[in-house]
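Colleague: Next up is a structure, given as structure tokens.
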Amino acid sequence: MDKAKFTKNMTGDRYQVDDLFFSRLMDTARTKVIPYQWEALNDRIPDAEKSHAVANFKIAAGLEKGEFAGCVFQDSDLAKWIEAAAYSLMWHKDEKLEKELDDIIDVIEKAQMPDGYLDTYYIIGGPEKRWTNLKDNHELYCAGHFLEAAVAYYQATGKRKLLDVLLRLVDHIDARFGPEEGKLKGYPGHEVIEMALVKLYEITGEEKHLKLAQYFIDQRGQSPLYFKEETERNGNGFYWKNSYFQYQYYQAGKPVREQTEAVGHAVRAGYLYSGMAAVARAAQDESLLEACHRMWDSIVNRRMYITGQIGSADYGEAFTFDYDLPNDTAYAETCAGLSLVFFAQRMLQIEQKGEYADVMERALYNGTISGMSLDGTRFFYVNPLEVLPEACEKDQIHRHVKVERQKWFGCACCPPNLARTMTSIASYAAASREDAYFQHLYLSGTAKAKLNGVEAEIQLTSGYPWKGDIQVEIRPEKPVAFTYAIRIPGWCQHYELKVCGAPFAGEVKDGYAYITREWQPGDRVELTLDMPVETVYANTAVREDIGKVAVQRGPIVFCLEECDNGRDLHKVYLPEQPEFEAKFEEGLLEGVVTVACGGYRLEGEESGALYTTRKPAKFVPAQLKFIPYYAWTNRTPGEMMVWIRQR
């Protein structure tokens with residue numbers, strides 16, 4: 001790897017988003033989700049599960065009396081909220097929000113122990129037991145999320161208080177973990193600190209921060225297995241002792257460079273692979289990058305839903321085996337889809353390949369934002385691709401699947417995770433290096449980048465994802481030569497690209513069109529993507545989808561809902577060559593493209609017999625209406641289906 005070729009993603013202050021689609025989500029996150037979640041973290045949402053996150057910090061700081069409450073990792077919910085709020089401040093100044101942040105940061109600082117340790121579960125419940133159950137008790141996980149929050153708040157405001165708190169915590173961790181004699185040889189049970197430490201390294205430049213991230217990755221799964229020794233030494237339980245994946249639940253059954261498939265808890269896995277990619281980039285580690293390639297291939301080519309979601313099983317919230325992608329029992333945790341976005345972004349920073357941006361786009365437009373209601377006040381933990389309400393109520397196998405989004409969760413990792421992603425969406429849209437600018441996503445907005453020593457504004461305008469017309473205007477301060485690389489999405493079969501009105505005749509490599517020239521102020525790039533409605537077929541190894549198709553237009557995956565198509569969606573069929581009609585409905589679901597199509601509904605004889613030798617009576621013509629998957633159950637709850645039978 002050539003370090004000079006690495007790219008740096010645009011931050012919110014360098015890419016001002018003004019996008020038909022994501023501006024709404026960003027504003028919803030800023031005006032509704034962040035305030036709502038602050039109320040939830042303070043236990044002020046009626047009839048919702050209590051968070052206790054803020055209360056725990058106030059108790060740990062000595063400002064209130066009480067016992068620790070909530071999940072062992074409850075601190076991380078507050079950390080992700082701080083990160084979301086910090087990203088919001090990058091593009092929308094808000095004195096009230098900034099004061100709320102400063103006030104809670106004061107509480108966090110008071111809660112920190114003199115040696116730098118920070119975790120309310122142990123500060124309140126017994127500091128003498130800290131670092132005795134890395135496998136299950138999430139101390140390093142909470143530290144990682146707070147570290148990401150501290151970096152974001154420092155970048156947004158220039159204020160150092162939270163960053164200094166976390167630097168003390170990192171010094172504490174560094175003094176206790178490592179290969180040196182007398183240090184613990186452990187690593188986190190739930191990964192995230194690895195990529196957080198790389199973020200810290202990028203602003204401090206201190207090698208010890210990168211080396212600590214490297215240590216946690218390289219030590220993971222080494223023999224003797226730390227988690228096994230820790231369990232025996234401290235009398236900890238091992239919940240997964242009767243499972244297939246055993247210590248691979250934590251991706252710790254073998255060293256990461258020896259792993260060949262995505263196994264275990266999907267969110268932990270996605271965070272680990274993101275950390276591996278971040279370290280591979282920062283340390284120019286070729287063998288670690290090869291391990292990332294194997295994990296990417298395992299997920300994207302054999303274990304990913306069409307919505308960009310991962311983690312098919314309720315048991316362990318985990319991957320299972322290749323092509324096992326059930327629709328009605330899918331776990332597909334919101335956090336898992338987001339972890340794939342993080343992984344894709346970090347791979348893009350190393351290698352500008354369209355496949356990474358394609359997957360990032362698929363997850364962002366489908367299986368992640370489905371985790372939040374359109375008004376930003378209700379949330380999904382689980383994102384199924386098929387729902388029968390009665391099964392969710394009465395069948396234990398479907399107990400994890402909800403027909404409606406919930407106000408909050410006792411384990412509320414997903415809502416603030418989604419909020420921090422939406423408020424930082426600018427960082428996923430584009431990236432730059434000294435001599436090139438890469439357009440990964442087609443978010444309308446204006447970016448600023450320094451290219452070959454010259455400041456340039458790059459303004460993109462589009463109606464994406466509903467329209468495929470994209471216009472880009474390049475405005476350097478003075479004429480300058482550089483490469484503008486714009487992605488040609490993998491879903492697009494036909495496109496037209498013009499540069500200053502002339503057809504593009506240059507290089508298209510790995511999903512990007514490379515336009516290298518001396519750019520003059522006002523030069524334009526025009527990309528037109530053909531965006532027909534298409535039927536998508538799963539690999540024939542996916543048993544659940546044999547004989548079925550999904551409907552997709554551009555990056556958007558569609559579904560049928562009961563409120564548009566009636567009950568018994570399992571009786572609905574599409575013809576072999578459906579004739580689709582797409583139209584934008586401004587008044588529906590805050591403005592979406594819907595897809596209409598003639599199809600069939602199977603009608604059987606009402607004889608009362610459970611089984612019969614007679615073939616079901618007939619197919620009756622039916623008019624079908626599809627809506628974007630991300631927007632399902634924002635109206636009347638009912639059945640939903642992504643994969644439809646085809647005659």
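Just remember, in the structure tokens the first chain shown is A, the second B, etc., residues are 1-based per chain, and ligands are 1-based in the order shown.
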I'd like the contact shell of A:Ala436 - 7 Å cut-off, only C-alpha atoms, skipping same-chain residues fewer than 2 positions apart - returned as a ChimeraX atom specification.

Modeller: /A:432-434,438,451,482-484

Colleague: Any chance you could tabulate, as JSON lines, the residues of stretch 153-232 of chain A at most 9 Å from stretch 93-112 of chain A with each one's nearest atom pair and distance in Å to one decimal, using only C-alpha atoms, in chain and rising number order?

Modeller:
{"residue": "A:Thr157", "atom": "CA", "partner": "A:Glu98", "partner_atom": "CA", "distance": 8.8}
{"residue": "A:Lys161", "atom": "CA", "partner": "A:Ile105", "partner_atom": "CA", "distance": 7.5}
{"residue": "A:Leu162", "atom": "CA", "partner": "A:Ile105", "partner_atom": "CA", "distance": 6.2}
{"residue": "A:Val165", "atom": "CA", "partner": "A:Glu109", "partner_atom": "CA", "distance": 6.3}
{"residue": "A:Leu169", "atom": "CA", "partner": "A:Gln112", "partner_atom": "CA", "distance": 8.5}

Colleague: I'd like the contact shell of A:Ala412 - 8 Å cut-off, only C-alpha atoms, skipping same-chain residues fewer than 3 positions apart - returned as a PyMOL selection string.

Modeller: chain A and resi 51+77+408-409+415-416

Colleague: Which of these, A:Ile124, A:Leu147, A:Ala485, A:Met641, has the shortest distance to A:Gly354 once you count only C-alpha atoms?

Modeller: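 Checking each of A:Ile124, A:Leu147, A:Ala485, A:Met641 against A:Gly354, counting only C-alpha atoms, the winner is A:Ala485.
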
Colleague: Which neighbours of A:Tyr356 fall inside 7 Å, counting only C-alpha atoms, when residues of the same chain fewer than 5 positions from it are skipped, and could you give them as a PyMOL selection string?

Modeller: chain A and resi 344+347-348

Colleague: Counting only C-alpha atoms, which residues in stretch 576-638 of chain A sit no more than 12 Å from stretch 290-314 of chain A? For each one, give the nearest pair of atoms and the distance in Å, sorted by chain then residue number, as a tab-separated table.

Modeller:
residue	atom	partner	partner_atom	distance
A:Pro628	CA	A:Thr307	CA	10.6
A:Tyr629	CA	A:Thr307	CA	8.2
A:Tyr630	CA	A:Thr307	CA	8.9

Colleague: Write a file of the selected residues as a PDB file, in the first residue's frame, keeping all heavy atoms.

Modeller:
ATOM      1  N   PRO A 628     -40.794   1.894  -0.857  1.00  0.00           N
ATOM      2  CA  PRO A 628     -39.422   1.639  -0.406  1.00  0.00           C
ATOM      3  C   PRO A 628     -39.402   0.886   0.919  1.00  0.00           C
ATOM      4  O   PRO A 628     -40.154   1.215   1.856  1.00  0.00           O
ATOM      5  CB  PRO A 628     -38.842   3.047  -0.248  1.00  0.00           C
ATOM      6  CG  PRO A 628     -39.623   3.881  -1.208  1.00  0.00           C
ATOM      7  CD  PRO A 628     -41.024   3.320  -1.152  1.00  0.00           C
ATOM      8  N   TYR A 629     -38.544  -0.118   0.997  1.00  0.00           N
ATOM      9  CA  TYR A 629     -38.458  -0.945   2.204  1.00  0.00           C
ATOM     10  C   TYR A 629     -38.214  -0.119   3.457  1.00  0.00           C
ATOM     11  O   TYR A 629     -38.809  -0.380   4.509  1.00  0.00           O
ATOM     12  CB  TYR A 629     -37.344  -1.986   2.033  1.00  0.00           C
ATOM     13  CG  TYR A 629     -36.991  -2.689   3.325  1.00  0.00           C
ATOM     14  CD1 TYR A 629     -37.790  -3.713   3.822  1.00  0.00           C
ATOM     15  CD2 TYR A 629     -35.869  -2.309   4.066  1.00  0.00           C
ATOM     16  CE1 TYR A 629     -37.491  -4.347   5.022  1.00  0.00           C
ATOM     17  CE2 TYR A 629     -35.562  -2.944   5.259  1.00  0.00           C
ATOM     18  CZ  TYR A 629     -36.369  -3.947   5.735  1.00  0.00           C
ATOM     19  OH  TYR A 629     -36.067  -4.570   6.929  1.00  0.00           O
ATOM     20  N   TYR A 630     -37.348   0.896   3.372  1.00  0.00           N
ATOM     21  CA  TYR A 630     -36.982   1.640   4.576  1.00  0.00           C
ATOM     22  C   TYR A 630     -38.184   2.303   5.244  1.00  0.00           C
ATOM     23  O   TYR A 630     -38.147   2.610   6.431  1.00  0.00           O
ATOM     24  CB  TYR A 630     -35.914   2.699   4.263  1.00  0.00           C
ATOM     25  CG  TYR A 630     -36.427   3.917   3.534  1.00  0.00           C
ATOM     26  CD1 TYR A 630     -37.047   4.961   4.223  1.00  0.00           C
ATOM     27  CD2 TYR A 630     -36.289   4.043   2.158  1.00  0.00           C
ATOM     28  CE1 TYR A 630     -37.526   6.079   3.544  1.00  0.00           C
ATOM     29  CE2 TYR A 630     -36.757   5.155   1.485  1.00  0.00           C
ATOM     30  CZ  TYR A 630     -37.381   6.161   2.178  1.00  0.00           C
ATOM     31  OH  TYR A 630     -37.862   7.263   1.516  1.00  0.00           O
TER      32      TYR A 630
END

Colleague: Considering only C-alpha atoms, state which residue in the set A:Asn133, A:Thr320, A:Thr120, A:Ser23 is at the smallest distance from A:His92.

Modeller: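 For A:His92, the nearest of the candidates is A:Ser23.
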
Colleague: What lies within 6 Å of A:Gly221 using only C-alpha atoms, ignoring chain neighbours under 6 positions off, as an NGL selection string?

Modeller: :A and (252-255)

Colleague: Can you tell me, as a PyMOL selection string, which residues in stretch 126-299 of chain A count as helix (DSSP H, G or I) by DSSP?

Modeller: chain A and resi 127-129+139-157+161-176+193-204+207-219+226-234+246-250+256-258+266-283+286-299

Colleague: With only C-alpha atoms as the basis for distance, which of A:Gly604, A:Pro503, A:Gly116, A:Gly410 is at the shortest distance from A:Leu167?

Modeller: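 Smallest distance to A:Leu167 is found for A:Gly116.
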
Colleague: Using only C-alpha atoms, which residue out of A:His265, A:Ala426, A:Pro384, A:Ala449 lies closest to A:Gly12?

Modeller: A:Ala426

Colleague: Using only C-alpha atoms, tabulate the residues of stretch 79-175 of chain A lying at most 10 Å from any atom of stretch 199-204 of chain A, each with its closest atom pair and that distance in Å to one decimal, by chain and increasing residue number, as JSON lines.

Modeller:
{"residue": "A:Leu147", "atom": "CA", "partner": "A:Leu200", "partner_atom": "CA", "distance": 7.5}
{"residue": "A:Glu148", "atom": "CA", "partner": "A:Lys199", "partner_atom": "CA", "distance": 7.2}
{"residue": "A:Ala150", "atom": "CA", "partner": "A:Leu200", "partner_atom": "CA", "distance": 9.0}
{"residue": "A:Val151", "atom": "CA", "partner": "A:Leu200", "partner_atom": "CA", "distance": 6.6}
{"residue": "A:Ala152", "atom": "CA", "partner": "A:Lys199", "partner_atom": "CA", "distance": 9.4}
{"residue": "A:Tyr154", "atom": "CA", "partner": "A:Ile203", "partner_atom": "CA", "distance": 9.7}
{"residue": "A:Gln155", "atom": "CA", "partner": "A:Ile203", "partner_atom": "CA", "distance": 9.1}
{"residue": "A:Leu163", "atom": "CA", "partner": "A:Leu200", "partner_atom": "CA", "distance": 9.3}
{"residue": "A:Leu166", "atom": "CA", "partner": "A:Leu200", "partner_atom": "CA", "distance": 9.7}
{"residue": "A:Leu167", "atom": "CA", "partner": "A:Leu200", "partner_atom": "CA", "distance": 8.9}
{"residue": "A:Val170", "atom": "CA", "partner": "A:Leu200", "partner_atom": "CA", "distance": 9.8}

Colleague: If we count only C-alpha atoms, what is near A:Asp545 at a cut-off of 12 Å, once residues fewer than 2 positions away on the same chain are taken out, given as a list in words?

Modeller: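 In the requested format, the answer is Tyr305, Ile306, Tyr323, Asp324, Leu325, Pro326, Asn327, Asp328, Leu385, Glu386, Val536, Tyr537, Ala538, Asn539, Thr540, Ala541, Val542, Arg543, Gly547, Lys548, Val549, Ala550, Met641, Val642, Trp643, Ile644, Arg645 and Gln646 of chain A.
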